[in-house]
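Printed here is work_15.txt (compact mmCIF, C-alpha atoms):
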# COMPACT_ATOMS: atom_id res chain seq x y z
CA MET A 1 89.68 97.98 83.52
CA SER A 2 90.89 99.60 86.70
CA ASP A 3 89.99 98.09 90.06
CA GLU A 4 87.56 100.90 90.71
CA GLN A 5 85.84 100.36 87.31
CA LEU A 6 85.51 96.67 88.10
CA VAL A 7 83.85 97.53 91.41
CA VAL A 8 81.35 99.75 89.58
CA ALA A 9 80.65 96.93 87.09
CA ILE A 10 80.17 94.40 89.89
CA LEU A 11 77.83 96.69 91.77
CA GLY A 12 76.00 97.28 88.47
CA GLY A 13 75.14 93.60 88.21
CA SER A 14 78.23 91.91 86.73
CA GLN A 15 79.04 89.86 89.82
CA ASP A 16 81.15 87.47 87.75
CA ARG A 17 83.73 90.28 87.35
CA PHE A 18 84.67 89.84 91.03
CA GLY A 19 86.83 86.92 89.93
CA GLU A 20 89.03 89.39 88.05
CA LEU A 21 89.67 91.32 91.27
CA MET A 22 90.46 88.09 93.08
CA THR A 23 92.89 87.05 90.35
CA ARG A 24 94.67 90.41 90.53
CA TYR A 25 95.17 90.32 94.28
CA GLN A 26 95.12 86.70 95.39
CA GLY A 27 98.88 86.11 95.25
CA ARG A 28 99.80 89.38 96.94
CA LEU A 29 97.11 88.94 99.57
CA ILE A 30 98.14 85.38 100.44
CA ASN A 31 101.80 86.45 100.60
CA TYR A 32 100.94 89.34 102.90
CA LEU A 33 98.77 87.18 105.16
CA TYR A 34 101.42 84.44 105.23
CA ARG A 35 104.02 86.93 106.44
CA MET A 36 101.69 88.03 109.21
CA LEU A 37 100.44 84.57 110.22
CA ARG A 38 103.48 82.46 109.29
CA ASN A 39 101.24 79.61 108.19
CA VAL A 40 100.44 78.81 104.55
CA GLU A 41 97.13 77.06 105.16
CA GLU A 42 95.87 79.78 107.47
CA ALA A 43 96.93 82.44 104.94
CA HIS A 44 94.98 80.70 102.16
CA ASP A 45 91.92 80.23 104.35
CA LEU A 46 92.00 83.80 105.63
CA ALA A 47 92.46 85.15 102.09
CA GLN A 48 89.22 83.44 101.09
CA GLU A 49 87.48 84.92 104.13
CA VAL A 50 88.84 88.36 103.25
CA PHE A 51 87.56 88.10 99.67
CA PHE A 52 84.17 87.02 101.02
CA LYS A 53 84.10 90.03 103.39
CA VAL A 54 85.15 92.35 100.56
CA TYR A 55 82.42 90.99 98.30
CA GLN A 56 79.79 91.45 101.01
CA ALA A 57 80.94 94.99 101.79
CA LEU A 58 81.66 96.09 98.21
CA ASP A 59 78.83 98.61 98.27
CA SER A 60 80.59 100.41 101.14
CA PHE A 61 83.80 100.88 99.10
CA ASN A 62 84.67 104.56 98.74
CA PRO A 63 85.96 105.18 95.18
CA ARG A 64 87.97 108.19 96.40
CA TYR A 65 90.50 105.64 97.69
CA ARG A 66 92.29 102.88 95.87
CA PHE A 67 90.72 99.44 95.99
CA SER A 68 94.03 97.83 96.98
CA THR A 69 94.29 100.05 100.05
CA TRP A 70 90.79 99.10 101.13
CA LEU A 71 91.42 95.39 100.48
CA PHE A 72 94.65 95.31 102.48
CA ARG A 73 93.08 97.22 105.35
CA ILE A 74 90.36 94.55 105.56
CA ALA A 75 93.05 91.87 105.33
CA GLN A 76 95.12 93.51 108.05
CA ASN A 77 92.15 93.69 110.40
CA ALA A 78 91.20 90.09 109.65
CA ALA A 79 94.77 88.92 110.31
CA ILE A 80 94.94 90.79 113.60
CA ASP A 81 91.60 89.32 114.67
CA HIS A 82 92.80 85.86 113.63
CA MET A 83 96.03 86.22 115.62
CA ARG A 84 94.09 87.31 118.68
CA LYS A 85 91.91 84.22 118.46
CA ARG A 86 94.71 81.72 118.21
CA ARG A 87 97.83 81.08 120.14
CA PHE A 88 101.03 81.06 118.21
CA LYS A 89 102.09 77.54 117.36
CA TRP A 90 105.74 76.86 116.77
CA VAL A 91 106.65 74.09 114.40
CA SER A 92 109.98 72.39 114.67
CA LEU A 93 112.19 72.24 111.62
CA HIS A 94 113.14 68.75 112.74
CA ARG A 95 111.32 65.52 112.09
CA GLN A 96 111.85 62.01 113.31
CA ASP A 97 113.07 59.57 110.68
CA ALA A 98 110.70 56.58 110.51
CA GLU A 99 113.44 54.01 110.04
CA SER A 100 116.25 55.15 112.31
CA GLY A 101 114.21 57.19 114.80
CA GLU A 102 116.81 59.97 114.56
CA SER A 103 115.90 63.63 114.45
CA GLN A 104 116.44 65.15 111.00
CA GLU A 105 115.81 68.56 109.47
CA TRP A 106 113.20 68.86 106.78
CA GLU A 107 114.75 69.37 103.39
CA LEU A 108 113.51 72.61 101.90
CA PRO A 109 113.74 73.12 98.13
CA SER A 110 116.03 75.79 96.72
CA ASP A 111 116.97 77.01 93.26
CA GLU A 112 120.61 77.15 94.31
CA ARG A 113 122.81 74.11 93.87
CA GLY A 114 124.53 72.20 96.59
CA PRO A 115 123.71 71.39 100.19
CA TYR A 116 125.74 74.29 101.59
CA SER A 117 123.82 76.78 99.43
CA ASP A 118 120.56 75.19 100.51
CA LEU A 119 121.52 75.47 104.15
CA ARG A 120 122.65 79.09 103.79
CA ASN A 121 119.43 79.94 101.99
CA VAL A 122 117.34 78.45 104.80
CA GLU A 123 119.46 80.17 107.43
CA ARG A 124 119.18 83.54 105.68
CA GLY A 125 115.42 83.20 105.36
CA GLU A 126 115.11 82.32 109.03
CA ALA A 127 117.39 85.20 110.02
CA ILE A 128 115.38 87.68 107.95
CA GLN A 129 112.05 86.39 109.27
CA LEU A 130 113.34 86.51 112.85
CA ALA A 131 114.72 90.01 112.35
CA ILE A 132 111.36 91.17 110.98
CA GLU A 133 109.53 89.55 113.91
CA GLU A 134 111.81 91.33 116.39
CA LEU A 135 111.00 94.76 114.98
CA PRO A 136 108.56 96.91 116.94
CA TRP A 137 105.05 96.45 115.52
CA GLU A 138 104.87 99.92 113.92
CA TYR A 139 107.92 99.14 111.75
CA ARG A 140 107.17 95.44 111.17
CA GLU A 141 103.67 96.23 109.94
CA LEU A 142 104.94 98.79 107.42
CA ILE A 143 107.68 96.42 106.18
CA LEU A 144 105.07 93.69 105.67
CA LEU A 145 102.67 96.00 103.83
CA ARG A 146 105.41 97.39 101.57
CA HIS A 147 107.47 94.30 100.79
CA TYR A 148 105.02 91.44 101.13
CA GLY A 149 101.74 93.23 100.44
CA GLU A 150 103.47 95.18 97.64
CA LEU A 151 101.56 98.34 98.51
CA SER A 152 102.87 101.71 97.37
CA TYR A 153 103.98 104.32 99.88
CA ASP A 154 100.87 106.35 99.05
CA ASP A 155 98.59 103.36 99.63
CA ILE A 156 100.22 102.64 102.97
CA ALA A 157 99.92 106.29 104.01
CA THR A 158 96.23 106.25 103.13
CA MET A 159 95.62 102.93 104.84
CA LYS A 160 97.45 103.87 108.02
CA GLU A 161 96.17 107.46 107.95
CA MET A 162 99.73 108.78 108.22
CA PRO A 163 101.51 111.51 106.30
CA LEU A 164 103.52 110.13 103.37
CA GLY A 165 106.76 111.46 104.87
CA THR A 166 106.10 109.58 108.10
CA VAL A 167 105.56 106.32 106.21
CA LYS A 168 108.80 106.79 104.26
CA ASN A 169 110.69 107.73 107.42
CA LYS A 170 109.40 104.74 109.41
CA LEU A 171 110.13 102.36 106.54
CA PHE A 172 113.65 103.76 106.31
CA ARG A 173 114.16 103.33 110.06
CA GLY A 174 112.67 99.83 109.97
CA ARG A 175 115.02 98.83 107.15
CA GLN A 176 117.97 100.28 109.06
CA MET A 177 117.01 98.21 112.12
CA LEU A 178 116.80 95.11 109.91
CA LYS A 179 120.16 95.91 108.37
CA GLN A 180 121.75 96.20 111.83
CA ARG A 181 120.21 92.94 113.01
CA LEU A 182 121.32 91.09 109.87
CA ALA A 183 124.82 92.62 109.56
CA ASP A 184 126.59 89.93 111.58
CA PHE A 185 124.73 87.08 109.94
CA LEU A 186 125.22 88.26 106.37
CA ALA A 187 128.91 88.99 106.96
CA ASP A 188 129.58 85.24 107.27
Can you dump the structure from the file as structure tokens?
Amino acid sequence: MSDEQLVVAILGGSQDRFGELMTRYQGRLINYLYRMLRNVEEAHDLAQEVFFKVYQALDSFNPRYRFSTWLFRIAQNAAIDHMRKRRFKWVSLHRQDAESGESQEWELPSDERGPYSDLRNVERGEAIQLAIEELPWEYRELILLRHYGELSYDDIATMKEMPLGTVKNKLFRGRQMLKQRLADFLAD
């Protein structure tokens, strides 16, 4: 069943079908919210809140639009509200060793082998995340929707109420800015 058909079934009395919608979008939604909030726990919590809001407002869904566009618009608004309510908290990548008392970096898992590869992987991820954060909001938001929310260009255009060409152009410019910011780092 399509998303829109599931919505009709849910509104027709099959409330248990809402779980199918959650299953379809939970991973993408959490990933998108994580990229906006930069906190796994907050992303999971906010995703649950978003699904609750969607369920409560399901009767206001307009079937002329795609369900995913509507869902991610609700998620975007919830994330923005959440960010306004909290102050950004920075977490150090260092921890104090219990035995020696020395400052050490957390070891982050990687599929690549060797400590150098692990370090490069962490550094690349940090560089990419920092480069995305440094983008002007209009470009950063579109990059997050496209690459972390996995929305199509059409869905983003509908959600942002922009012409499709403008979305494509801004995404292209945003990617070019990222490429410039990462050029020195990735050349190493």
Using all atoms listed in the file, which residues sit within 9 Å of Phe67 of chain A once same-chain residues fewer than 5 positions away are excluded, as a list in words? Asp3, Glu4, Val7, Phe61, Asn62 and Phe72 of chain A
Find the residues near Glu161 of chain A: any atom within 12 Å, counting only C-alpha atoms, skip ones fewer than 5 places away on the same chain, and give them as a ChimeraX atom specification. /A:65,69,73,153-156,166-167
How many Å lie between atom CA of Ile143 of chain A and atom CA of Leu171 of chain A, rounded to one decimal? 6.4 Å
Within 7 Å of file point (94.9, 86.3, 108.1), counting all atoms listed in the file, expressed as a list in words: Leu33, Leu37, Glu42, Ala43, Leu46, Ala47, Ala75, Ala78, Ala79 and His82 of chain A
May I have the selected residues written with C-alpha atoms, as a compact mmCIF listing (two decimals), keeping the file's coordinate frame?
# COMPACT_ATOMS: atom_id res chain seq x y z
CA LEU A 33 98.77 87.18 105.16
CA LEU A 37 100.44 84.57 110.22
CA GLU A 42 95.87 79.78 107.47
CA ALA A 43 96.93 82.44 104.94
CA LEU A 46 92.00 83.80 105.63
CA ALA A 47 92.46 85.15 102.09
CA ALA A 75 93.05 91.87 105.33
CA ALA A 78 91.20 90.09 109.65
CA ALA A 79 94.77 88.92 110.31
CA HIS A 82 92.80 85.86 113.63
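Among A:Leu130, A:Ile10, A:Met22, A:Leu71, the residue with the shortest atom-to-atom distance to Leu145 of chain A, counting all atoms listed in the file, is A:Leu71.
Distances from A:Gln26, A:Gly12, A:Tyr32, A:Leu178 to Ile132 of chain A were compared using only C-alpha atoms, and the smallest one belongs to A:Leu178.
Neighbouring residues of Tyr34 of chain A at 9 Å or closer, counting only C-alpha atoms and skipping chain neighbours under 5 positions away, are Leu29, Asn39, Val40, Glu41, Glu42, Ala43, His44 and Tyr148 of chain A.
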Hey, can you spit out that residue selection with C-alpha atoms as an mmCIF file, keeping the file's coordinate frame?
data_model
loop_
_atom_site.group_PDB
_atom_site.id
_atom_site.type_symbol
_atom_site.label_atom_id
_atom_site.label_comp_id
_atom_site.auth_asym_id
_atom_site.auth_seq_id
_atom_site.Cartn_x
_atom_site.Cartn_y
_atom_site.Cartn_z
ATOM 1 C CA LEU A 29 97.110 88.940 99.570
ATOM 2 C CA ASN A 39 101.240 79.610 108.190
ATOM 3 C CA VAL A 40 100.440 78.810 104.550
ATOM 4 C CA GLU A 41 97.130 77.060 105.160
ATOM 5 C CA GLU A 42 95.870 79.780 107.470
ATOM 6 C CA ALA A 43 96.930 82.440 104.940
ATOM 7 C CA HIS A 44 94.980 80.700 102.160
ATOM 8 C CA TYR A 148 105.020 91.440 101.130
#
Can segment 139-166 of chain A be brought up to N, CA and C atoms and written out as a PDB file, in the coordinates of the input?
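Below is the file out05.pdb, written as the result:
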ATOM      1  N   TYR A 139     106.998  99.296 112.877  1.00  0.00           N
ATOM      2  CA  TYR A 139     107.920  99.140 111.750  1.00  0.00           C
ATOM      3  C   TYR A 139     107.658  97.826 111.011  1.00  0.00           C
ATOM      4  N   ARG A 140     107.418  96.758 111.773  1.00  0.00           N
ATOM      5  CA  ARG A 140     107.170  95.440 111.170  1.00  0.00           C
ATOM      6  C   ARG A 140     105.943  95.502 110.255  1.00  0.00           C
ATOM      7  N   GLU A 141     104.896  96.140 110.716  1.00  0.00           N
ATOM      8  CA  GLU A 141     103.670  96.230 109.940  1.00  0.00           C
ATOM      9  C   GLU A 141     103.916  96.951 108.609  1.00  0.00           C
ATOM     10  N   LEU A 142     104.655  98.042 108.649  1.00  0.00           N
ATOM     11  CA  LEU A 142     104.940  98.790 107.420  1.00  0.00           C
ATOM     12  C   LEU A 142     105.827  97.988 106.470  1.00  0.00           C
ATOM     13  N   ILE A 143     106.810  97.280 107.009  1.00  0.00           N
ATOM     14  CA  ILE A 143     107.680  96.420 106.180  1.00  0.00           C
ATOM     15  C   ILE A 143     106.830  95.352 105.495  1.00  0.00           C
ATOM     16  N   LEU A 144     105.926  94.737 106.243  1.00  0.00           N
ATOM     17  CA  LEU A 144     105.070  93.690 105.670  1.00  0.00           C
ATOM     18  C   LEU A 144     104.162  94.252 104.576  1.00  0.00           C
ATOM     19  N   LEU A 145     103.556  95.394 104.830  1.00  0.00           N
ATOM     20  CA  LEU A 145     102.670  96.000 103.830  1.00  0.00           C
ATOM     21  C   LEU A 145     103.435  96.363 102.564  1.00  0.00           C
ATOM     22  N   ARG A 146     104.637  96.923 102.733  1.00  0.00           N
ATOM     23  CA  ARG A 146     105.410  97.390 101.570  1.00  0.00           C
ATOM     24  C   ARG A 146     106.022  96.234 100.795  1.00  0.00           C
ATOM     25  N   HIS A 147     106.680  95.313 101.484  1.00  0.00           N
ATOM     26  CA  HIS A 147     107.470  94.300 100.790  1.00  0.00           C
ATOM     27  C   HIS A 147     106.735  92.988 100.547  1.00  0.00           C
ATOM     28  N   TYR A 148     105.761  92.676 101.360  1.00  0.00           N
ATOM     29  CA  TYR A 148     105.020  91.440 101.130  1.00  0.00           C
ATOM     30  C   TYR A 148     103.629  91.718 100.578  1.00  0.00           C
ATOM     31  N   GLY A 149     103.025  92.824 100.992  1.00  0.00           N
ATOM     32  CA  GLY A 149     101.740  93.230 100.440  1.00  0.00           C
ATOM     33  C   GLY A 149     101.904  93.994  99.140  1.00  0.00           C
ATOM     34  N   GLU A 150     103.129  94.446  98.860  1.00  0.00           N
ATOM     35  CA  GLU A 150     103.470  95.180  97.640  1.00  0.00           C
ATOM     36  C   GLU A 150     102.631  96.449  97.466  1.00  0.00           C
ATOM     37  N   LEU A 151     102.310  97.099  98.581  1.00  0.00           N
ATOM     38  CA  LEU A 151     101.560  98.340  98.510  1.00  0.00           C
ATOM     39  C   LEU A 151     102.527  99.511  98.292  1.00  0.00           C
ATOM     40  N   SER A 152     102.055 100.516  97.599  1.00  0.00           N
ATOM     41  CA  SER A 152     102.870 101.710  97.370  1.00  0.00           C
ATOM     42  C   SER A 152     102.932 102.523  98.668  1.00  0.00           C
ATOM     43  N   TYR A 153     103.879 103.451  98.718  1.00  0.00           N
ATOM     44  CA  TYR A 153     103.980 104.320  99.880  1.00  0.00           C
ATOM     45  C   TYR A 153     102.677 105.103 100.072  1.00  0.00           C
ATOM     46  N   ASP A 154     102.119 105.591  98.964  1.00  0.00           N
ATOM     47  CA  ASP A 154     100.870 106.350  99.050  1.00  0.00           C
ATOM     48  C   ASP A 154      99.734 105.497  99.612  1.00  0.00           C
ATOM     49  N   ASP A 155      99.648 104.247  99.150  1.00  0.00           N
ATOM     50  CA  ASP A 155      98.590 103.360  99.630  1.00  0.00           C
ATOM     51  C   ASP A 155      98.739 103.079 101.129  1.00  0.00           C
ATOM     52  N   ILE A 156      99.980 102.886 101.555  1.00  0.00           N
ATOM     53  CA  ILE A 156     100.220 102.640 102.970  1.00  0.00           C
ATOM     54  C   ILE A 156      99.856 103.874 103.793  1.00  0.00           C
ATOM     55  N   ALA A 157     100.245 105.044 103.300  1.00  0.00           N
ATOM     56  CA  ALA A 157      99.920 106.290 104.010  1.00  0.00           C
ATOM     57  C   ALA A 157      98.417 106.450 104.150  1.00  0.00           C
ATOM     58  N   THR A 158      97.683 106.158 103.090  1.00  0.00           N
ATOM     59  CA  THR A 158      96.230 106.250 103.130  1.00  0.00           C
ATOM     60  C   THR A 158      95.652 105.235 104.104  1.00  0.00           C
ATOM     61  N   MET A 159      96.135 104.010 104.001  1.00  0.00           N
ATOM     62  CA  MET A 159      95.620 102.930 104.840  1.00  0.00           C
ATOM     63  C   MET A 159      95.869 103.191 106.316  1.00  0.00           C
ATOM     64  N   LYS A 160      97.079 103.653 106.632  1.00  0.00           N
ATOM     65  CA  LYS A 160      97.450 103.870 108.020  1.00  0.00           C
ATOM     66  C   LYS A 160      97.089 105.262 108.520  1.00  0.00           C
ATOM     67  N   GLU A 161      96.541 106.083 107.611  1.00  0.00           N
ATOM     68  CA  GLU A 161      96.170 107.460 107.950  1.00  0.00           C
ATOM     69  C   GLU A 161      97.364 108.205 108.541  1.00  0.00           C
ATOM     70  N   MET A 162      98.486 108.113 107.833  1.00  0.00           N
ATOM     71  CA  MET A 162      99.730 108.780 108.220  1.00  0.00           C
ATOM     72  C   MET A 162     100.177 109.672 107.083  1.00  0.00           C
ATOM     73  N   PRO A 163     100.915 110.721 107.379  1.00  0.00           N
ATOM     74  CA  PRO A 163     101.510 111.510 106.300  1.00  0.00           C
ATOM     75  C   PRO A 163     102.512 110.647 105.522  1.00  0.00           C
ATOM     76  N   LEU A 164     102.624 110.893 104.227  1.00  0.00           N
ATOM     77  CA  LEU A 164     103.520 110.130 103.370  1.00  0.00           C
ATOM     78  C   LEU A 164     104.950 110.163 103.890  1.00  0.00           C
ATOM     79  N   GLY A 165     105.402 111.332 104.336  1.00  0.00           N
ATOM     80  CA  GLY A 165     106.760 111.460 104.870  1.00  0.00           C
ATOM     81  C   GLY A 165     106.992 110.578 106.081  1.00  0.00           C
ATOM     82  N   THR A 166     105.985 110.427 106.922  1.00  0.00           N
ATOM     83  CA  THR A 166     106.100 109.580 108.100  1.00  0.00           C
ATOM     84  C   THR A 166     106.246 108.121 107.697  1.00  0.00           C
TER      85      THR A 166
END
